[in-house]
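> Take a look at the following structure, please.
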Amino acid sequence: MKIASFNVNSIKARLPNLVDWLKEAEPDVVCLQELKCTDENFPHGPIEDLGYNVAVNGQKTYNGVAILSKYPLEDVSRGLPGNDGDDHARYIEAVVSANGSVVRVASIYLPNGNPVDTDKFTYKLSWMDRLIDHARGLLAYEEPLVLAGDYNVIPTIDDVHDPAAWANDALFRPETRAKFRELTNLGLTDAFRACHREAHRYTFWDYQAGAWTKDNGIRIDHLLLSPQAADRLKGSDIDRAVRGREKPSDHVPIWVELDIG
């Protein structure tokens, strides 16, 4: 089973690119982030025509996440537990049934957190605390689990082109990286890092200052696996070429292959 994550940075603006990539890469499950549309405005038709079932947690103008699956989606839940007053559409979770097996998948759009001297950074860290608590509960099920998405976290100096330039950014602050370590230390495996030890492989390049052509990127999109999923890990990679296409997202897809069924 090929499971991918892709921050599309507006599903409306990026639909042709997304459809082309879906046809080429043929992922079985896709976790999308930053849809920037409501549920009713999600372009179900072109995606369902490719054989995908769709579950959406949308929001007008901002945020928005979805799960696409060529297999049935069950037990769909929207929103990250822990704060009933949080109306940001940043989390959706579902169980994918395939070949007599199940995989629980979540699409995550973790808050950016900038500027760090504002409530936005506090919200980011508290959101991460909620994710840690929820992940702890999910791991207790002892089933294959993939927590996929745009984490807005640069885990290490190997995941950024210029650590000094990002030193005081919310994505690279020590507090942020410590929360990410706390999450992975629950027993989650960074799928890409389990397969690739080389430094400076990125999933995001800003639109400004020629970042793409200079390869001034960061790795902030991650696929975290439960032990039961990590035991089935076959491979993981980044579809870097997507960034060089016309009207691209500033992110590219990242994917994992699991031996399921």
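By order of appearance in the structure tokens: chains A, B, ..., then residues from 1 within every chain, and ligands from 1 in the order shown.
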Would you give me, as a list in words, the residues in stretch 121-211 of chain A that DSSP reads as strand (DSSP E)?
Leu145, Val146, Leu147, Ala148, Gly149, Asp150, Thr189, Asp190, Phe204 and Trp205 of chain A
> Can you tell me, as a ChimeraX atom specification, which residues in stretch 5-133 of chain A count as alpha helix (DSSP H) by DSSP?
/A:11-25,44-48,119-133
> Restricting it to N, CA and C atoms, dump the selection as a CSV table (one decimal), in the first residue's frame.

chain,number,residue,atom,x,y,z
A,11,ILE,N,-6.4,23.6,-3.0
A,11,ILE,CA,-6.9,22.5,-3.9
A,11,ILE,C,-7.4,23.1,-5.2
A,12,LYS,N,-8.0,24.2,-5.2
A,12,LYS,CA,-8.6,24.8,-6.4
A,12,LYS,C,-7.4,25.2,-7.4
A,13,ALA,N,-6.4,25.9,-6.8
A,13,ALA,CA,-5.3,26.3,-7.7
A,13,ALA,C,-4.4,25.2,-8.2
A,14,ARG,N,-4.4,24.1,-7.4
A,14,ARG,CA,-3.4,23.0,-7.7
A,14,ARG,C,-4.1,21.8,-8.2
A,15,LEU,N,-5.4,21.8,-8.5
A,15,LEU,CA,-6.1,20.6,-9.0
A,15,LEU,C,-5.5,20.0,-10.2
A,16,PRO,N,-5.1,20.7,-11.3
A,16,PRO,CA,-4.5,20.0,-12.4
A,16,PRO,C,-3.2,19.3,-12.1
A,17,ASN,N,-2.4,20.0,-11.2
A,17,ASN,CA,-1.1,19.3,-10.8
A,17,ASN,C,-1.4,18.1,-10.0
A,18,LEU,N,-2.4,18.2,-9.1
A,18,LEU,CA,-2.7,17.1,-8.2
A,18,LEU,C,-3.2,15.9,-9.1
A,19,VAL,N,-4.1,16.1,-10.0
A,19,VAL,CA,-4.6,15.0,-10.8
A,19,VAL,C,-3.5,14.4,-11.6
A,20,ASP,N,-2.6,15.2,-12.2
A,20,ASP,CA,-1.5,14.6,-13.0
A,20,ASP,C,-0.6,13.8,-12.1
A,21,TRP,N,-0.3,14.2,-10.9
A,21,TRP,CA,0.5,13.5,-10.0
A,21,TRP,C,-0.2,12.2,-9.6
A,22,LEU,N,-1.5,12.2,-9.3
A,22,LEU,CA,-2.2,11.0,-8.9
A,22,LEU,C,-2.2,10.0,-10.0
A,23,LYS,N,-2.3,10.4,-11.2
A,23,LYS,CA,-2.2,9.5,-12.4
A,23,LYS,C,-0.8,8.8,-12.5
A,24,GLU,N,0.2,9.7,-12.3
A,24,GLU,CA,1.6,9.2,-12.4
A,24,GLU,C,2.0,8.3,-11.3
A,25,ALA,N,1.8,8.8,-10.1
A,25,ALA,CA,2.3,8.1,-8.9
A,25,ALA,C,1.5,6.9,-8.4
A,44,HIS,N,-14.8,17.0,-5.7
A,44,HIS,CA,-14.9,15.5,-5.6
A,44,HIS,C,-14.8,14.9,-6.9
A,45,GLY,N,-15.5,15.4,-8.0
A,45,GLY,CA,-15.6,14.8,-9.2
A,45,GLY,C,-14.3,14.3,-9.9
A,46,PRO,N,-13.4,15.2,-10.1
A,46,PRO,CA,-12.1,14.8,-10.8
A,46,PRO,C,-11.3,13.8,-10.0
A,47,ILE,N,-11.4,13.8,-8.7
A,47,ILE,CA,-10.7,12.9,-7.9
A,47,ILE,C,-11.4,11.5,-7.8
A,48,GLU,N,-12.7,11.6,-7.6
A,48,GLU,CA,-13.4,10.3,-7.5
A,48,GLU,C,-13.4,9.6,-8.9
A,119,ASP,N,0.7,34.7,20.3
A,119,ASP,CA,-0.1,33.5,20.7
A,119,ASP,C,-0.1,32.4,19.7
A,120,LYS,N,0.3,32.7,18.4
A,120,LYS,CA,0.4,31.7,17.4
A,120,LYS,C,1.4,30.6,17.8
A,121,PHE,N,2.5,31.0,18.4
A,121,PHE,CA,3.5,30.0,18.8
A,121,PHE,C,3.0,29.2,20.0
A,122,THR,N,2.3,29.8,20.9
A,122,THR,CA,1.7,29.1,22.1
A,122,THR,C,0.6,28.1,21.5
A,123,TYR,N,-0.2,28.5,20.6
A,123,TYR,CA,-1.2,27.6,20.0
A,123,TYR,C,-0.5,26.4,19.3
A,124,LYS,N,0.6,26.7,18.6
A,124,LYS,CA,1.4,25.6,18.0
A,124,LYS,C,1.8,24.5,19.0
A,125,LEU,N,2.4,25.0,20.1
A,125,LEU,CA,2.9,24.1,21.1
A,125,LEU,C,1.8,23.3,21.8
A,126,SER,N,0.7,24.0,22.1
A,126,SER,CA,-0.4,23.3,22.7
A,126,SER,C,-1.1,22.3,21.8
A,127,TRP,N,-1.1,22.7,20.5
A,127,TRP,CA,-1.7,21.7,19.5
A,127,TRP,C,-0.8,20.5,19.4
A,128,MET,N,0.5,20.7,19.5
A,128,MET,CA,1.4,19.5,19.5
A,128,MET,C,1.2,18.7,20.8
A,129,ASP,N,0.9,19.3,21.9
A,129,ASP,CA,0.6,18.5,23.1
A,129,ASP,C,-0.6,17.7,22.9
A,130,ARG,N,-1.6,18.3,22.3
A,130,ARG,CA,-2.9,17.5,22.0
A,130,ARG,C,-2.6,16.3,21.1
A,131,LEU,N,-1.7,16.6,20.1
A,131,LEU,CA,-1.4,15.5,19.1
A,131,LEU,C,-0.7,14.4,19.8
A,132,ILE,N,0.2,14.7,20.7
A,132,ILE,CA,1.0,13.7,21.5
A,132,ILE,C,0.0,12.9,22.3
A,133,ASP,N,-0.9,13.5,23.0
A,133,ASP,CA,-1.9,12.8,23.8
A,133,ASP,C,-2.7,11.9,22.9
> Any chance you could tabulate, as a Markdown table, the residues of stretch 18-111 of chain A at most 12 Å from stretch 205-229 of chain A with each one's nearest atom pair and distance in Å to one decimal, using only C-alpha atoms, in chain and rising number order?

| residue | atom | partner | partner_atom | distance |
| --- | --- | --- | --- | --- |
| A:Val30 | CA | A:Leu223 | CA | 11.4 |
| A:Cys31 | CA | A:Leu223 | CA | 10.1 |
| A:Leu32 | CA | A:Asp221 | CA | 11.0 |
| A:Gln33 | CA | A:Asp221 | CA | 10.2 |
| A:Ser101 | CA | A:Ala229 | CA | 11.6 |
| A:Val102 | CA | A:Ala229 | CA | 10.5 |
| A:Val103 | CA | A:Ala229 | CA | 8.1 |
| A:Arg104 | CA | A:Ala229 | CA | 9.6 |
| A:Val105 | CA | A:Leu225 | CA | 9.6 |
| A:Ala106 | CA | A:Leu223 | CA | 9.7 |
| A:Ser107 | CA | A:Leu223 | CA | 9.6 |
| A:Ile108 | CA | A:Asp221 | CA | 9.5 |
| A:Tyr109 | CA | A:Asp221 | CA | 9.4 |
| A:Leu110 | CA | A:Asp221 | CA | 10.0 |
| A:Pro111 | CA | A:Ile220 | CA | 11.7 |
> Name the closest residue to A:Ile157 among the candidates A:Ala199, A:Ile238, A:Leu188, A:Leu183; distances are taken between atoms, counting only C-alpha atoms.
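Residue with the minimum atom-to-atom distance to A:Ile157: A:Ala199.
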> A:Leu145, A:Ser10, A:Ala241, A:His134: which is nearest A:Gly82, counting only C-alpha atoms?
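Once distances to A:Gly82 are computed over only C-alpha atoms, the minimum belongs to A:His134.
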> Do you know which residues are at most 8 Å from A:Arg243 counting only C-alpha atoms, after dropping those on the same chain fewer than 5 positions away, and could you put them as a ChimeraX atom specification?
/A:212,248-252
> At what distance in Å, to one decimal, does atom CA of A:Thr156 lie from atom CA of A:Leu186?
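For atom CA of A:Leu186 relative to atom CA of A:Thr156, the distance reads 18.2 Å.
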> What separation in Å, quoted to one decimal, exists between atom CA of A:Arg201 and atom CA of A:Asp159?
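Answer for the atom CA of A:Arg201 to atom CA of A:Asp159 separation: 6.6 Å.
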> Considering only C-alpha atoms, can you say which of A:Ala94, A:Leu50, A:Gly100, A:Gly113 comes closest to A:Asp169?
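Of all the options, A:Gly113 lies closest to A:Asp169.
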